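Peer 1: Starting off with a structure, shown below.
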Amino acid sequence: MASGAASAHRALRPPAGPARRLRRCRPPAVRDALLSGAITVEQGRVVAETIAALPVGAGPEVADKATQLLVAWADRFDPAILSRLGERVLTHVAPDLADQAELAALERATERAEARRHVTLSEQRNGQVRLSGSLDTETASLLREAIDPLCAPAGEHDDRSPGQRRADALGEVCRLALRTGQLPDNGGDRPQLVVTVSLDELVNGVRAGTLETGSHLTPGAVRRLACDAGVLPAVLAGNSQVLDVGRQRRLFTGPLRRALVLRDGGCAFPGCDRPSRWCDGHHVRHWADGGATALDNAVLLCGYHHRLVHRGDWAVRIAPDGRPDFLPPRWLDPLRTPRRNLYHRRC
């Protein structure tokens, strides 16, 4: 017991840190419990720090009640759990004051979070963009609500990690926002693809696409985006001077888009439950290859399955009954038996 008492005396000295706070508070119940060996030095520090953090308006009577309760709890709980219990000690000894203190603490935390909120997009050298930042609780809850419906695996063959699904979900939310046409002028339209390469280069997929930021997209990504995007044909002189810019045309809009939604109901890939609002129109035969922008050459695909089909493992075709069939890769089904999405069928 002598060594325990020595430790308690050391904790009550005023050198630095928690021990100094313990000396400043000097709750008699804490000192007595330490000297008797009823609580450890770490538990004593937790109790002292908790009492020191009580609101100014708590008063000596509330502080004494909180101290006695925490010392009693110390007989059953280690310092880590005791510290968490201490955060709610006022609810046991002064409920009315606890509500006021909790609200004040919440308001202070919210103000700090709003003041420190930021999002940064940093270009990397490996073809990636680093997304980092900090959100306040309200904005973070909105983000979760927006992406959570899209974070579930998109069918039995979805092998993306949870982090990859969240990244794709964020992209889908952005596509949906762009599709509404209600964003400010510089972002209220879907991305416009200005083709500054020859048609042969686009068709053969031998030239990367360039964004306004100067970043580059692979030829495959350019062709996928061109499936259902605004297209501005441009004629350039040899020195890249613009000679003529044609009218923009939308590929899957109006009655054609509505007919596509009525037929497919949502993403047509087998097993996918994504609704139509999350989907793009995909040309079964790409328009750059001469494919018509027509119902019998179109299928609705969510972002993930749109990328999957463009990678070429899965093939899609329109069957004689006018509905899309998907042919799996040979490693999955050597016979490539056609599959359909039955999730959206209305009859």
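Residues in the structure tokens are numbered from 1 in each chain, the chains being A, B, ... in the order shown, and ligands are numbered from 1 in the order shown.
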Need to verify the contact set: region 267-281 of chain A, 7 Å, only C-alpha atoms, exclusion of same-chain residues closer than 3 positions in sequence. Can you return it as a compact mmCIF listing (two decimals) with all heavy atoms, in the first residue's frame?

Peer 2:
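Output contents, as saved in result.txt:
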# COMPACT_ATOMS: atom_id res chain seq x y z
N ALA A 154 -23.57 -4.07 -57.36
CA ALA A 154 -24.49 -4.01 -58.50
C ALA A 154 -24.57 -5.38 -59.16
O ALA A 154 -24.10 -5.58 -60.28
CB ALA A 154 -24.04 -2.95 -59.50
N GLY A 155 -25.14 -6.35 -58.46
CA GLY A 155 -25.26 -7.69 -59.02
C GLY A 155 -24.21 -8.64 -58.49
O GLY A 155 -23.25 -8.26 -57.82
N GLU A 172 -21.75 8.95 -59.75
CA GLU A 172 -23.13 8.81 -60.21
C GLU A 172 -23.98 9.98 -59.71
O GLU A 172 -24.84 10.49 -60.44
CB GLU A 172 -23.72 7.49 -59.74
CG GLU A 172 -23.06 6.26 -60.35
CD GLU A 172 -23.18 6.25 -61.86
OE1 GLU A 172 -24.22 6.65 -62.40
OE2 GLU A 172 -22.20 5.85 -62.51
N LEU A 176 -26.05 12.64 -62.02
CA LEU A 176 -27.47 12.93 -61.84
C LEU A 176 -27.69 14.43 -61.67
O LEU A 176 -28.63 14.99 -62.23
CB LEU A 176 -28.01 12.17 -60.63
CG LEU A 176 -29.49 12.38 -60.32
CD1 LEU A 176 -30.36 11.89 -61.48
CD2 LEU A 176 -29.89 11.69 -59.03
N CYS A 227 -21.28 8.09 -75.59
CA CYS A 227 -22.48 7.29 -75.79
C CYS A 227 -23.74 8.11 -75.56
O CYS A 227 -24.73 7.96 -76.26
CB CYS A 227 -22.49 6.09 -74.84
SG CYS A 227 -21.86 4.58 -75.57
N ASP A 228 -23.73 8.95 -74.54
CA ASP A 228 -24.94 9.69 -74.18
C ASP A 228 -24.57 11.06 -73.66
O ASP A 228 -24.83 11.42 -72.53
CB ASP A 228 -25.73 8.91 -73.12
CG ASP A 228 -27.12 9.50 -72.89
OD1 ASP A 228 -27.58 10.26 -73.76
OD2 ASP A 228 -27.72 9.19 -71.86
N PHE A 252 -29.66 10.64 -76.53
CA PHE A 252 -30.81 9.91 -75.99
C PHE A 252 -31.63 10.87 -75.12
O PHE A 252 -31.42 10.95 -73.91
CB PHE A 252 -30.36 8.69 -75.18
CG PHE A 252 -29.74 7.61 -76.01
CD1 PHE A 252 -28.38 7.36 -75.94
CD2 PHE A 252 -30.51 6.87 -76.88
CE1 PHE A 252 -27.81 6.37 -76.71
CE2 PHE A 252 -29.94 5.87 -77.67
CZ PHE A 252 -28.60 5.62 -77.58
N VAL A 261 -36.65 4.12 -71.32
CA VAL A 261 -36.99 3.90 -69.92
C VAL A 261 -38.17 2.95 -69.79
O VAL A 261 -38.20 2.06 -68.94
CB VAL A 261 -37.29 5.25 -69.23
CG1 VAL A 261 -37.88 5.02 -67.84
CG2 VAL A 261 -36.02 6.10 -69.12
N ASP A 264 -36.72 -0.69 -70.71
CA ASP A 264 -35.73 -1.31 -69.81
C ASP A 264 -36.08 -1.11 -68.34
O ASP A 264 -35.70 -1.92 -67.50
CB ASP A 264 -34.34 -0.75 -70.09
CG ASP A 264 -33.82 -1.14 -71.47
OD1 ASP A 264 -34.42 -2.05 -72.08
OD2 ASP A 264 -32.83 -0.53 -71.93
N ALA A 298 -30.04 0.62 -78.67
CA ALA A 298 -29.80 1.32 -77.41
C ALA A 298 -30.17 0.45 -76.22
O ALA A 298 -31.02 -0.44 -76.31
CB ALA A 298 -30.61 2.61 -77.37
N VAL A 299 -29.53 0.72 -75.09
CA VAL A 299 -29.82 0.03 -73.85
C VAL A 299 -29.45 0.95 -72.69
O VAL A 299 -28.50 1.74 -72.79
CB VAL A 299 -29.04 -1.31 -73.77
CG1 VAL A 299 -27.54 -1.06 -73.77
CG2 VAL A 299 -29.43 -2.10 -72.53
N LEU A 300 -30.22 0.91 -71.61
CA LEU A 300 -29.92 1.70 -70.41
C LEU A 300 -28.91 0.95 -69.55
O LEU A 300 -29.09 -0.23 -69.26
CB LEU A 300 -31.19 1.95 -69.59
CG LEU A 300 -32.13 3.06 -70.03
CD1 LEU A 300 -33.29 3.15 -69.05
CD2 LEU A 300 -31.42 4.40 -70.14
N LEU A 301 -27.86 1.67 -69.12
CA LEU A 301 -26.85 1.07 -68.25
C LEU A 301 -26.45 2.05 -67.16
O LEU A 301 -26.28 3.25 -67.43
CB LEU A 301 -25.60 0.68 -69.05
CG LEU A 301 -25.75 -0.45 -70.08
CD1 LEU A 301 -24.46 -0.60 -70.88
CD2 LEU A 301 -26.09 -1.76 -69.39
N CYS A 302 -26.30 1.55 -65.94
CA CYS A 302 -25.76 2.38 -64.86
C CYS A 302 -24.27 2.62 -65.13
O CYS A 302 -23.67 1.99 -66.00
CB CYS A 302 -25.97 1.72 -63.51
SG CYS A 302 -24.98 0.22 -63.24
N GLY A 303 -23.68 3.53 -64.37
CA GLY A 303 -22.28 3.88 -64.62
C GLY A 303 -21.34 2.70 -64.54
O GLY A 303 -20.45 2.54 -65.39
N HIS A 305 -21.95 -0.61 -64.90
CA HIS A 305 -22.12 -1.59 -65.98
C HIS A 305 -21.83 -0.98 -67.35
O HIS A 305 -21.48 -1.70 -68.29
CB HIS A 305 -23.52 -2.19 -65.92
CG HIS A 305 -23.69 -3.15 -64.77
ND1 HIS A 305 -24.65 -2.99 -63.79
CD2 HIS A 305 -22.97 -4.26 -64.42
CE1 HIS A 305 -24.53 -3.98 -62.91
NE2 HIS A 305 -23.52 -4.74 -63.26
N ARG A 339 -28.29 -13.59 -71.18
CA ARG A 339 -28.94 -13.33 -69.90
C ARG A 339 -29.70 -12.01 -69.99
O ARG A 339 -29.34 -11.12 -70.76
CB ARG A 339 -27.91 -13.26 -68.76
CG ARG A 339 -27.05 -14.49 -68.63
CD ARG A 339 -26.13 -14.38 -67.44
NE ARG A 339 -25.22 -15.52 -67.34
CZ ARG A 339 -24.43 -15.75 -66.31
NH1 ARG A 339 -24.41 -14.91 -65.28
NH2 ARG A 339 -23.63 -16.81 -66.30
N ARG A 340 -30.74 -11.91 -69.15
CA ARG A 340 -31.54 -10.69 -69.12
C ARG A 340 -31.75 -10.23 -67.68
O ARG A 340 -31.65 -11.01 -66.73
CB ARG A 340 -32.91 -10.92 -69.77
CG ARG A 340 -32.87 -11.03 -71.28
CD ARG A 340 -34.27 -11.07 -71.85
NE ARG A 340 -34.23 -11.08 -73.31
CZ ARG A 340 -35.30 -11.08 -74.09
NH1 ARG A 340 -36.52 -11.09 -73.55
NH2 ARG A 340 -35.16 -11.07 -75.41
N ASN A 341 -32.07 -8.96 -67.55
CA ASN A 341 -32.43 -8.39 -66.26
C ASN A 341 -33.94 -8.54 -66.08
O ASN A 341 -34.72 -7.96 -66.84
CB ASN A 341 -32.02 -6.92 -66.19
CG ASN A 341 -32.21 -6.34 -64.80
OD1 ASN A 341 -33.10 -6.73 -64.06
ND2 ASN A 341 -31.36 -5.38 -64.46
N TYR A 343 -35.37 -7.83 -63.08
CA TYR A 343 -35.73 -7.04 -61.91
C TYR A 343 -36.75 -5.96 -62.26
O TYR A 343 -37.66 -5.67 -61.47
CB TYR A 343 -34.47 -6.38 -61.33
CG TYR A 343 -34.73 -5.56 -60.09
CD1 TYR A 343 -34.77 -6.15 -58.83
CD2 TYR A 343 -34.93 -4.18 -60.18
CE1 TYR A 343 -35.00 -5.39 -57.70
CE2 TYR A 343 -35.18 -3.42 -59.06
CZ TYR A 343 -35.20 -4.03 -57.82
OH TYR A 343 -35.45 -3.27 -56.69

Peer 1: For region 86-90 of chain A, list every protein, DNA or RNA residue within 10 Å, evaluated using only C-alpha atoms, and leave out those in the same chain fewer than 2 positions away; present the list as a ChimeraX atom specification.

Peer 2: /A:46-47,49-51,53-55,58,62-63,65-67,69-70,73,80-84,92-99,101-102

Peer 1: Go ahead and dump the residues you just picked, C-alpha atoms, as a PDB file, in the first residue's frame.

Peer 2:
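out-v2.pdb was written with the following content:
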ATOM      1  CA  VAL A  46      -9.963  10.945 -15.346  1.00  0.00           C
ATOM      2  CA  VAL A  47     -12.249  11.966 -12.487  1.00  0.00           C
ATOM      3  CA  GLU A  49     -10.328  16.152 -15.530  1.00  0.00           C
ATOM      4  CA  THR A  50     -14.040  15.404 -15.810  1.00  0.00           C
ATOM      5  CA  ILE A  51     -14.868  17.592 -12.825  1.00  0.00           C
ATOM      6  CA  ALA A  53     -14.488  20.280 -17.465  1.00  0.00           C
ATOM      7  CA  LEU A  54     -17.938  20.754 -15.906  1.00  0.00           C
ATOM      8  CA  PRO A  55     -19.757  23.949 -16.946  1.00  0.00           C
ATOM      9  CA  ALA A  58     -22.629  23.659 -12.348  1.00  0.00           C
ATOM     10  CA  VAL A  62     -23.212  19.399  -8.589  1.00  0.00           C
ATOM     11  CA  ALA A  63     -19.421  18.941  -8.751  1.00  0.00           C
ATOM     12  CA  LYS A  65     -22.253  14.741  -6.601  1.00  0.00           C
ATOM     13  CA  ALA A  66     -20.452  14.078  -9.914  1.00  0.00           C
ATOM     14  CA  THR A  67     -17.199  13.334  -8.077  1.00  0.00           C
ATOM     15  CA  LEU A  69     -20.582   9.082  -8.620  1.00  0.00           C
ATOM     16  CA  LEU A  70     -17.399   8.828 -10.702  1.00  0.00           C
ATOM     17  CA  TRP A  73     -18.003   3.930 -10.925  1.00  0.00           C
ATOM     18  CA  ALA A  80     -11.071   4.499 -20.778  1.00  0.00           C
ATOM     19  CA  ILE A  81     -14.662   3.513 -20.010  1.00  0.00           C
ATOM     20  CA  LEU A  82     -14.755   5.817 -17.013  1.00  0.00           C
ATOM     21  CA  SER A  83     -13.769   8.710 -19.274  1.00  0.00           C
ATOM     22  CA  ARG A  84     -16.642   7.962 -21.649  1.00  0.00           C
ATOM     23  CA  HIS A  92     -27.210  11.532 -13.697  1.00  0.00           C
ATOM     24  CA  VAL A  93     -26.593  14.350 -11.225  1.00  0.00           C
ATOM     25  CA  ALA A  94     -28.108  17.428 -12.949  1.00  0.00           C
ATOM     26  CA  PRO A  95     -30.287  16.476 -15.971  1.00  0.00           C
ATOM     27  CA  ASP A  96     -31.494  20.013 -16.719  1.00  0.00           C
ATOM     28  CA  LEU A  97     -27.977  21.374 -16.691  1.00  0.00           C
ATOM     29  CA  ALA A  98     -26.830  18.407 -18.798  1.00  0.00           C
ATOM     30  CA  ASP A  99     -29.237  19.307 -21.613  1.00  0.00           C
ATOM     31  CA  ALA A 101     -24.337  21.835 -21.551  1.00  0.00           C
ATOM     32  CA  GLU A 102     -24.825  19.244 -24.303  1.00  0.00           C
TER      33      GLU A 102
END

Peer 1: Work out how far apart CA of Ser134 (chain A) and CA of Leu85 (chain A) are and give it in Å to one decimal.

Peer 2: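 About the pair CA of Ser134 (chain A) and CA of Leu85 (chain A): they are 27.7 Å apart.
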
Peer 1: Neighbouring residues of His118 (chain A) were defined as those with any atom within 12 Å, considering only C-alpha atoms; residues of the same chain fewer than 4 positions away were excluded. Please report them as a count of residues only.

Peer 2: 10
